[in-house]
Amino acid sequence: MNKRVRSAYVTCTKWADYIKWVKSSKQVIQNDDKFSVAYVTVPSKDVGKSIALGLVKNKLAACVNIVPEVTSIYEWEDEINEDTEALLMIKTRTSQVDQLTEYVRSVHPYEVCEVISLPIKNGNPPYLKWIGDMVPEKS
C-alpha cells in the first residue's frame, strides 16, 4: 500500500469511528426531555451550598452551580420586595425533578420556595451522558 492510499485508509477509518461516535452520542440528544435544569433561589450562598451538597450526595443532581448574587423583585403578602439571593442551577434527570423538588422543600428555609425546571433540549452529548451516569433513573 503506497503512502497516499494508506493515508486515505487511515483518514477513512478515523472518520468512520468518528461517525459511529456521533451517532451514539446523538441518541442522548434525540431523547428529548430526558434531562432538565432546575432553578432554586436561596437566601444565601451558604444555604445554597448545603442544599447543593445534599442534592448531589443523594443522586438527585449531577451538578449544582451556585450563582452567588441575584436580585429578586417580587410581591409577597401584598408588598413589593427586593432581596439579594443566590441562585442554584441544578442539572438532573427529568424523571427525578419531583423527588428533587420534595428534597428542596424539606430543607429550604422559605415558606414557599422557588423550584422550577425546564427540559434540556440540546447539549454537549458527553455532558448529557455524564448527567445520566450520575443521576439514576427514578425507580
# chains A, B, ... in the order shown; residues from 1 in each chain; ligands from 1
>>> residues_around(residues="range 48-65 of chain A", least_positions_apart="5", cutoff="8 Å", atoms="only C-alpha atoms", output="ChimeraX atom specification")
/A:42-43,86-93,96-97,99-100,103-104,107-108,130-131,134-136
>>> write_last_selection(atoms="N, CA and C atoms", output="tab-separated table (two decimals), in the first residue's frame")
chain	number	residue	atom	x	y	z
A	42	VAL	N	-32.20	30.87	46.90
A	42	VAL	CA	-31.94	30.64	48.32
A	42	VAL	C	-31.50	31.96	48.95
A	43	PRO	N	-31.65	32.08	50.27
A	43	PRO	CA	-31.32	33.36	50.91
A	43	PRO	C	-29.83	33.68	50.97
A	86	ALA	N	-29.10	33.96	46.33
A	86	ALA	CA	-28.23	33.15	45.48
A	86	ALA	C	-29.15	32.28	44.62
A	87	LEU	N	-28.65	31.86	43.48
A	87	LEU	CA	-29.41	31.05	42.54
A	87	LEU	C	-28.71	29.73	42.32
A	88	LEU	N	-29.44	28.64	42.48
A	88	LEU	CA	-28.91	27.31	42.18
A	88	LEU	C	-29.39	26.91	40.79
A	89	MET	N	-28.45	26.47	39.97
A	89	MET	CA	-28.76	25.93	38.64
A	89	MET	C	-28.42	24.44	38.73
A	90	ILE	N	-29.44	23.60	38.69
A	90	ILE	CA	-29.31	22.18	39.02
A	90	ILE	C	-29.53	21.35	37.77
A	91	LYS	N	-28.55	20.50	37.43
A	91	LYS	CA	-28.68	19.61	36.28
A	91	LYS	C	-29.06	18.22	36.77
A	92	THR	N	-30.14	17.66	36.19
A	92	THR	CA	-30.68	16.40	36.67
A	92	THR	C	-31.42	15.67	35.56
A	93	ARG	N	-31.93	14.51	35.89
A	93	ARG	CA	-32.85	13.79	35.00
A	93	ARG	C	-34.25	14.35	35.22
A	96	GLN	N	-36.40	12.74	37.82
A	96	GLN	CA	-36.07	12.97	39.23
A	96	GLN	C	-36.52	14.35	39.73
A	97	VAL	N	-37.13	15.16	38.87
A	97	VAL	CA	-37.49	16.53	39.26
A	97	VAL	C	-38.48	16.54	40.43
A	99	GLN	N	-38.86	14.33	42.86
A	99	GLN	CA	-38.14	13.96	44.08
A	99	GLN	C	-37.17	15.07	44.49
A	100	LEU	N	-36.51	15.70	43.51
A	100	LEU	CA	-35.64	16.83	43.78
A	100	LEU	C	-36.42	17.96	44.44
A	103	TYR	N	-37.20	17.14	48.04
A	103	TYR	CA	-36.00	17.29	48.88
A	103	TYR	C	-35.77	18.76	49.18
A	104	VAL	N	-35.79	19.60	48.15
A	104	VAL	CA	-35.55	21.03	48.35
A	104	VAL	C	-36.58	21.61	49.33
A	107	VAL	N	-35.81	20.93	53.04
A	107	VAL	CA	-34.64	21.54	53.69
A	107	VAL	C	-34.54	23.06	53.48
A	108	HIS	N	-35.39	23.61	52.66
A	108	HIS	CA	-35.32	25.04	52.32
A	108	HIS	C	-35.93	25.89	53.43
A	130	TRP	N	-22.98	12.21	30.93
A	130	TRP	CA	-22.47	12.29	32.29
A	130	TRP	C	-23.60	12.55	33.29
A	131	ILE	N	-24.53	13.44	32.96
A	131	ILE	CA	-25.68	13.67	33.85
A	131	ILE	C	-26.41	12.34	34.06
A	134	MET	N	-24.56	10.06	36.40
A	134	MET	CA	-24.53	10.50	37.80
A	134	MET	C	-25.89	10.39	38.50
A	135	VAL	N	-26.95	10.61	37.75
A	135	VAL	CA	-28.30	10.61	38.34
A	135	VAL	C	-29.07	9.41	37.80
A	136	PRO	N	-29.38	8.44	38.64
A	136	PRO	CA	-30.06	7.25	38.15
A	136	PRO	C	-31.51	7.55	37.77
>>> residues_around(residues="Thr84 in chain A", least_positions_apart="5", cutoff="10 Å", atoms="only C-alpha atoms", output="PyMOL selection string")
chain A and resi 41-44+68-73
>>> write_last_selection(atoms="N, CA, C and O atoms", output="mmCIF file, in the first residue's frame")
data_model
loop_
_atom_site.group_PDB
_atom_site.id
_atom_site.type_symbol
_atom_site.label_atom_id
_atom_site.label_comp_id
_atom_site.auth_asym_id
_atom_site.auth_seq_id
_atom_site.Cartn_x
_atom_site.Cartn_y
_atom_site.Cartn_z
ATOM 1 N N THR A 41 -33.969 29.532 44.126
ATOM 2 C CA THR A 41 -33.355 30.679 44.797
ATOM 3 C C THR A 41 -33.265 30.364 46.288
ATOM 4 O O THR A 41 -34.118 29.678 46.853
ATOM 5 N N VAL A 42 -32.205 30.867 46.898
ATOM 6 C CA VAL A 42 -31.944 30.640 48.322
ATOM 7 C C VAL A 42 -31.495 31.957 48.949
ATOM 8 O O VAL A 42 -30.999 32.842 48.257
ATOM 9 N N PRO A 43 -31.649 32.082 50.273
ATOM 10 C CA PRO A 43 -31.319 33.361 50.907
ATOM 11 C C PRO A 43 -29.832 33.677 50.973
ATOM 12 O O PRO A 43 -29.466 34.843 51.146
ATOM 13 N N SER A 44 -28.969 32.660 50.842
ATOM 14 C CA SER A 44 -27.521 32.910 50.928
ATOM 15 C C SER A 44 -26.754 31.809 50.204
ATOM 16 O O SER A 44 -27.276 30.715 49.954
ATOM 17 N N PRO A 68 -23.737 33.394 43.097
ATOM 18 C CA PRO A 68 -23.752 33.924 44.461
ATOM 19 C C PRO A 68 -24.654 35.127 44.714
ATOM 20 O O PRO A 68 -25.040 35.354 45.854
ATOM 21 N N GLU A 69 -24.996 35.874 43.684
ATOM 22 C CA GLU A 69 -25.823 37.046 43.952
ATOM 23 C C GLU A 69 -26.730 37.373 42.782
ATOM 24 O O GLU A 69 -26.259 37.647 41.682
ATOM 25 N N VAL A 70 -28.028 37.314 43.059
ATOM 26 C CA VAL A 70 -29.040 37.783 42.119
ATOM 27 C C VAL A 70 -29.979 38.688 42.900
ATOM 28 O O VAL A 70 -30.128 38.552 44.110
ATOM 29 N N THR A 71 -30.572 39.627 42.213
ATOM 30 C CA THR A 71 -31.564 40.494 42.836
ATOM 31 C C THR A 71 -32.933 40.001 42.428
ATOM 32 O O THR A 71 -33.218 39.845 41.241
ATOM 33 N N SER A 72 -33.774 39.728 43.418
ATOM 34 C CA SER A 72 -35.133 39.254 43.163
ATOM 35 C C SER A 72 -36.124 40.334 43.580
ATOM 36 O O SER A 72 -36.045 40.871 44.686
ATOM 37 N N ILE A 73 -37.031 40.644 42.681
ATOM 38 C CA ILE A 73 -38.102 41.601 42.959
ATOM 39 C C ILE A 73 -39.404 40.845 42.791
ATOM 40 O O ILE A 73 -39.645 40.234 41.751
#
>>> closest_atom_pairs(of="range 34-95 of chain A", to="range 114-124 of chain A", cutoff="9 Å", atoms="only C-alpha atoms", output="Markdown table")
| residue | atom | partner | partner_atom | distance |
| --- | --- | --- | --- | --- |
| A:Lys34 | CA | A:Pro119 | CA | 7.4 |
| A:Phe35 | CA | A:Ile120 | CA | 5.5 |
| A:Ser36 | CA | A:Pro119 | CA | 4.2 |
| A:Val37 | CA | A:Ser117 | CA | 5.5 |
| A:Ala38 | CA | A:Ser117 | CA | 4.0 |
| A:Tyr39 | CA | A:Ile116 | CA | 5.4 |
| A:Val40 | CA | A:Val115 | CA | 4.9 |
| A:Thr41 | CA | A:Glu114 | CA | 6.0 |
| A:Val42 | CA | A:Glu114 | CA | 8.4 |
| A:Ile90 | CA | A:Ser117 | CA | 8.8 |
| A:Thr94 | CA | A:Pro119 | CA | 7.1 |
>>> write_last_selection(atoms="all heavy atoms", output="mmCIF file, in the first residue's frame")
data_model
loop_
_atom_site.group_PDB
_atom_site.id
_atom_site.type_symbol
_atom_site.label_atom_id
_atom_site.label_comp_id
_atom_site.auth_asym_id
_atom_site.auth_seq_id
_atom_site.Cartn_x
_atom_site.Cartn_y
_atom_site.Cartn_z
ATOM 1 N N LYS A 34 -35.237 14.164 28.467
ATOM 2 C CA LYS A 34 -34.636 13.182 29.372
ATOM 3 C C LYS A 34 -33.926 13.873 30.532
ATOM 4 O O LYS A 34 -33.875 13.344 31.636
ATOM 5 C CB LYS A 34 -33.656 12.300 28.593
ATOM 6 C CG LYS A 34 -33.087 11.158 29.378
ATOM 7 C CD LYS A 34 -32.263 10.246 28.487
ATOM 8 C CE LYS A 34 -31.744 9.052 29.252
ATOM 9 N NZ LYS A 34 -31.002 8.125 28.394
ATOM 10 N N PHE A 35 -33.376 15.064 30.246
ATOM 11 C CA PHE A 35 -32.652 15.813 31.264
ATOM 12 C C PHE A 35 -33.278 17.192 31.435
ATOM 13 O O PHE A 35 -33.875 17.726 30.512
ATOM 14 C CB PHE A 35 -31.182 15.953 30.873
ATOM 15 C CG PHE A 35 -30.530 14.623 30.638
ATOM 16 C CD1 PHE A 35 -30.191 14.203 29.361
ATOM 17 C CD2 PHE A 35 -30.271 13.775 31.697
ATOM 18 C CE1 PHE A 35 -29.602 12.977 29.136
ATOM 19 C CE2 PHE A 35 -29.680 12.529 31.489
ATOM 20 C CZ PHE A 35 -29.353 12.132 30.195
ATOM 21 N N SER A 36 -33.128 17.736 32.637
ATOM 22 C CA SER A 36 -33.681 19.052 32.944
ATOM 23 C C SER A 36 -32.683 19.875 33.733
ATOM 24 O O SER A 36 -31.763 19.335 34.348
ATOM 25 C CB SER A 36 -34.965 18.920 33.775
ATOM 26 O OG SER A 36 -36.026 18.430 33.010
ATOM 27 N N VAL A 37 -32.916 21.178 33.717
ATOM 28 C CA VAL A 37 -32.206 22.082 34.614
ATOM 29 C C VAL A 37 -33.277 22.699 35.512
ATOM 30 O O VAL A 37 -34.340 23.105 35.050
ATOM 31 C CB VAL A 37 -31.390 23.156 33.850
ATOM 32 C CG1 VAL A 37 -32.263 24.023 32.986
ATOM 33 C CG2 VAL A 37 -30.579 24.003 34.801
ATOM 34 N N ALA A 38 -33.014 22.682 36.810
ATOM 35 C CA ALA A 38 -33.948 23.259 37.777
ATOM 36 C C ALA A 38 -33.294 24.496 38.392
ATOM 37 O O ALA A 38 -32.070 24.553 38.560
ATOM 38 C CB ALA A 38 -34.294 22.243 38.864
ATOM 39 N N TYR A 39 -34.126 25.461 38.698
ATOM 40 C CA TYR A 39 -33.661 26.703 39.314
ATOM 41 C C TYR A 39 -34.280 26.833 40.697
ATOM 42 O O TYR A 39 -35.482 26.635 40.871
ATOM 43 C CB TYR A 39 -34.048 27.911 38.464
ATOM 44 C CG TYR A 39 -33.404 27.903 37.099
ATOM 45 C CD1 TYR A 39 -34.093 27.443 35.985
ATOM 46 C CD2 TYR A 39 -32.096 28.348 36.937
ATOM 47 C CE1 TYR A 39 -33.494 27.428 34.740
ATOM 48 C CE2 TYR A 39 -31.489 28.325 35.692
ATOM 49 C CZ TYR A 39 -32.186 27.863 34.598
ATOM 50 O OH TYR A 39 -31.599 27.834 33.365
ATOM 51 N N VAL A 40 -33.449 27.174 41.663
ATOM 52 C CA VAL A 40 -33.895 27.359 43.038
ATOM 53 C C VAL A 40 -33.199 28.600 43.574
ATOM 54 O O VAL A 40 -31.974 28.720 43.474
ATOM 55 C CB VAL A 40 -33.520 26.142 43.923
ATOM 56 C CG1 VAL A 40 -33.859 26.407 45.387
ATOM 57 C CG2 VAL A 40 -34.211 24.875 43.429
ATOM 58 N N THR A 41 -33.969 29.532 44.126
ATOM 59 C CA THR A 41 -33.355 30.679 44.797
ATOM 60 C C THR A 41 -33.265 30.364 46.288
ATOM 61 O O THR A 41 -34.118 29.678 46.853
ATOM 62 C CB THR A 41 -34.150 31.977 44.573
ATOM 63 O OG1 THR A 41 -35.524 31.749 44.883
ATOM 64 C CG2 THR A 41 -34.022 32.464 43.147
ATOM 65 N N VAL A 42 -32.205 30.867 46.898
ATOM 66 C CA VAL A 42 -31.944 30.640 48.322
ATOM 67 C C VAL A 42 -31.495 31.957 48.949
ATOM 68 O O VAL A 42 -30.999 32.842 48.257
ATOM 69 C CB VAL A 42 -30.868 29.544 48.519
ATOM 70 C CG1 VAL A 42 -31.391 28.178 48.089
ATOM 71 C CG2 VAL A 42 -29.588 29.867 47.775
ATOM 72 N N ILE A 90 -29.439 23.603 38.694
ATOM 73 C CA ILE A 90 -29.311 22.182 39.023
ATOM 74 C C ILE A 90 -29.533 21.345 37.773
ATOM 75 O O ILE A 90 -30.577 21.439 37.134
ATOM 76 C CB ILE A 90 -30.354 21.797 40.100
ATOM 77 C CG1 ILE A 90 -30.214 22.717 41.319
ATOM 78 C CG2 ILE A 90 -30.226 20.332 40.472
ATOM 79 C CD1 ILE A 90 -31.421 22.717 42.236
ATOM 80 N N THR A 94 -35.010 14.467 34.168
ATOM 81 C CA THR A 94 -36.389 14.944 34.282
ATOM 82 C C THR A 94 -37.196 14.020 35.194
ATOM 83 O O THR A 94 -38.032 14.493 35.972
ATOM 84 C CB THR A 94 -37.021 15.051 32.885
ATOM 85 O OG1 THR A 94 -36.216 15.956 32.106
ATOM 86 C CG2 THR A 94 -38.442 15.574 32.943
#
>>> select_by_dssp(residues="range 46-131 of chain A", states="helix (DSSP H, G or I)", output="PyMOL selection string")
chain A and resi 46-57+94-107+125-131
>>> write_last_selection(atoms="N, CA and C atoms", output="compact mmCIF listing (two decimals), in the first residue's frame")
# COMPACT_ATOMS: atom_id res chain seq x y z
N ASP A 46 -24.34 30.13 51.51
CA ASP A 46 -24.16 29.01 52.44
C ASP A 46 -25.35 28.06 52.43
N VAL A 47 -26.55 28.61 52.42
CA VAL A 47 -27.75 27.76 52.32
C VAL A 47 -27.73 27.01 50.99
N GLY A 48 -27.33 27.70 49.94
CA GLY A 48 -27.22 27.07 48.63
C GLY A 48 -26.24 25.92 48.62
N LYS A 49 -25.08 26.10 49.26
CA LYS A 49 -24.08 25.02 49.32
C LYS A 49 -24.63 23.80 50.05
N SER A 50 -25.34 24.05 51.13
CA SER A 50 -25.90 22.95 51.91
C SER A 50 -26.92 22.15 51.08
N ILE A 51 -27.80 22.86 50.39
CA ILE A 51 -28.80 22.19 49.55
C ILE A 51 -28.11 21.48 48.39
N ALA A 52 -27.15 22.13 47.76
CA ALA A 52 -26.43 21.54 46.63
C ALA A 52 -25.73 20.25 47.03
N LEU A 53 -25.04 20.26 48.16
CA LEU A 53 -24.36 19.05 48.62
C LEU A 53 -25.34 17.91 48.85
N GLY A 54 -26.49 18.21 49.43
CA GLY A 54 -27.50 17.19 49.66
C GLY A 54 -28.05 16.62 48.36
N LEU A 55 -28.27 17.49 47.38
CA LEU A 55 -28.79 17.03 46.09
C LEU A 55 -27.80 16.10 45.39
N VAL A 56 -26.52 16.48 45.38
CA VAL A 56 -25.51 15.65 44.71
C VAL A 56 -25.29 14.35 45.49
N LYS A 57 -25.19 14.46 46.80
CA LYS A 57 -24.97 13.28 47.64
C LYS A 57 -26.10 12.27 47.48
N THR A 94 -35.01 14.47 34.17
CA THR A 94 -36.39 14.94 34.28
C THR A 94 -37.20 14.02 35.19
N SER A 95 -36.92 12.74 35.14
CA SER A 95 -37.67 11.78 35.97
C SER A 95 -37.43 11.98 37.46
N GLN A 96 -36.40 12.74 37.82
CA GLN A 96 -36.07 12.97 39.23
C GLN A 96 -36.52 14.35 39.73
N VAL A 97 -37.13 15.16 38.87
CA VAL A 97 -37.49 16.53 39.26
C VAL A 97 -38.48 16.54 40.43
N ASP A 98 -39.47 15.67 40.44
CA ASP A 98 -40.42 15.67 41.56
C ASP A 98 -39.73 15.33 42.88
N GLN A 99 -38.86 14.33 42.86
CA GLN A 99 -38.14 13.96 44.08
C GLN A 99 -37.17 15.07 44.49
N LEU A 100 -36.51 15.70 43.51
CA LEU A 100 -35.64 16.83 43.78
C LEU A 100 -36.42 17.96 44.44
N THR A 101 -37.61 18.24 43.92
CA THR A 101 -38.45 19.30 44.48
C THR A 101 -38.83 18.99 45.93
N GLU A 102 -39.20 17.75 46.19
CA GLU A 102 -39.57 17.37 47.56
C GLU A 102 -38.38 17.52 48.51
N TYR A 103 -37.20 17.14 48.04
CA TYR A 103 -36.00 17.29 48.88
C TYR A 103 -35.77 18.76 49.18
N VAL A 104 -35.79 19.60 48.15
CA VAL A 104 -35.55 21.03 48.35
C VAL A 104 -36.58 21.61 49.33
N ARG A 105 -37.84 21.28 49.13
CA ARG A 105 -38.89 21.79 50.03
C ARG A 105 -38.65 21.36 51.47
N SER A 106 -38.10 20.17 51.67
CA SER A 106 -37.90 19.66 53.03
C SER A 106 -36.75 20.34 53.77
N VAL A 107 -35.81 20.93 53.04
CA VAL A 107 -34.64 21.54 53.69
C VAL A 107 -34.54 23.06 53.48
N PRO A 125 -23.25 16.21 23.94
CA PRO A 125 -23.60 14.80 24.20
C PRO A 125 -22.81 14.14 25.33
N PRO A 126 -21.49 14.32 25.42
CA PRO A 126 -20.78 13.69 26.55
C PRO A 126 -21.23 14.26 27.91
N TYR A 127 -21.57 15.54 27.95
CA TYR A 127 -22.04 16.14 29.21
C TYR A 127 -23.40 15.56 29.59
N LEU A 128 -24.30 15.46 28.61
CA LEU A 128 -25.61 14.88 28.90
C LEU A 128 -25.49 13.42 29.34
N LYS A 129 -24.58 12.70 28.73
CA LYS A 129 -24.35 11.31 29.13
C LYS A 129 -23.86 11.28 30.58
N TRP A 130 -22.98 12.21 30.93
CA TRP A 130 -22.47 12.29 32.29
C TRP A 130 -23.60 12.55 33.29
N ILE A 131 -24.53 13.44 32.96
CA ILE A 131 -25.68 13.67 33.85
C ILE A 131 -26.41 12.34 34.06
>>> atom_distance(atom1="CA of Gly132 in chain A", atom2="CA of Val67 in chain A")
23.3 Å
>>> closest_residue(among="A:Glu82, A:Lys45, A:Asp33, A:Glu111", to="Ile66 in chain A", atoms="only C-alpha atoms")
A:Lys45
>>> select_by_dssp(residues="range 62-119 of chain A", states="strand (DSSP E)", output="JSON, numbers by chain")
{"A": [63, 64, 65, 66, 67, 68, 69, 70, 71, 72, 73, 74, 75, 76, 79, 80, 81, 82, 83, 84, 85, 86, 87, 88, 89, 90, 91, 92, 93, 116, 117, 118, 119]}
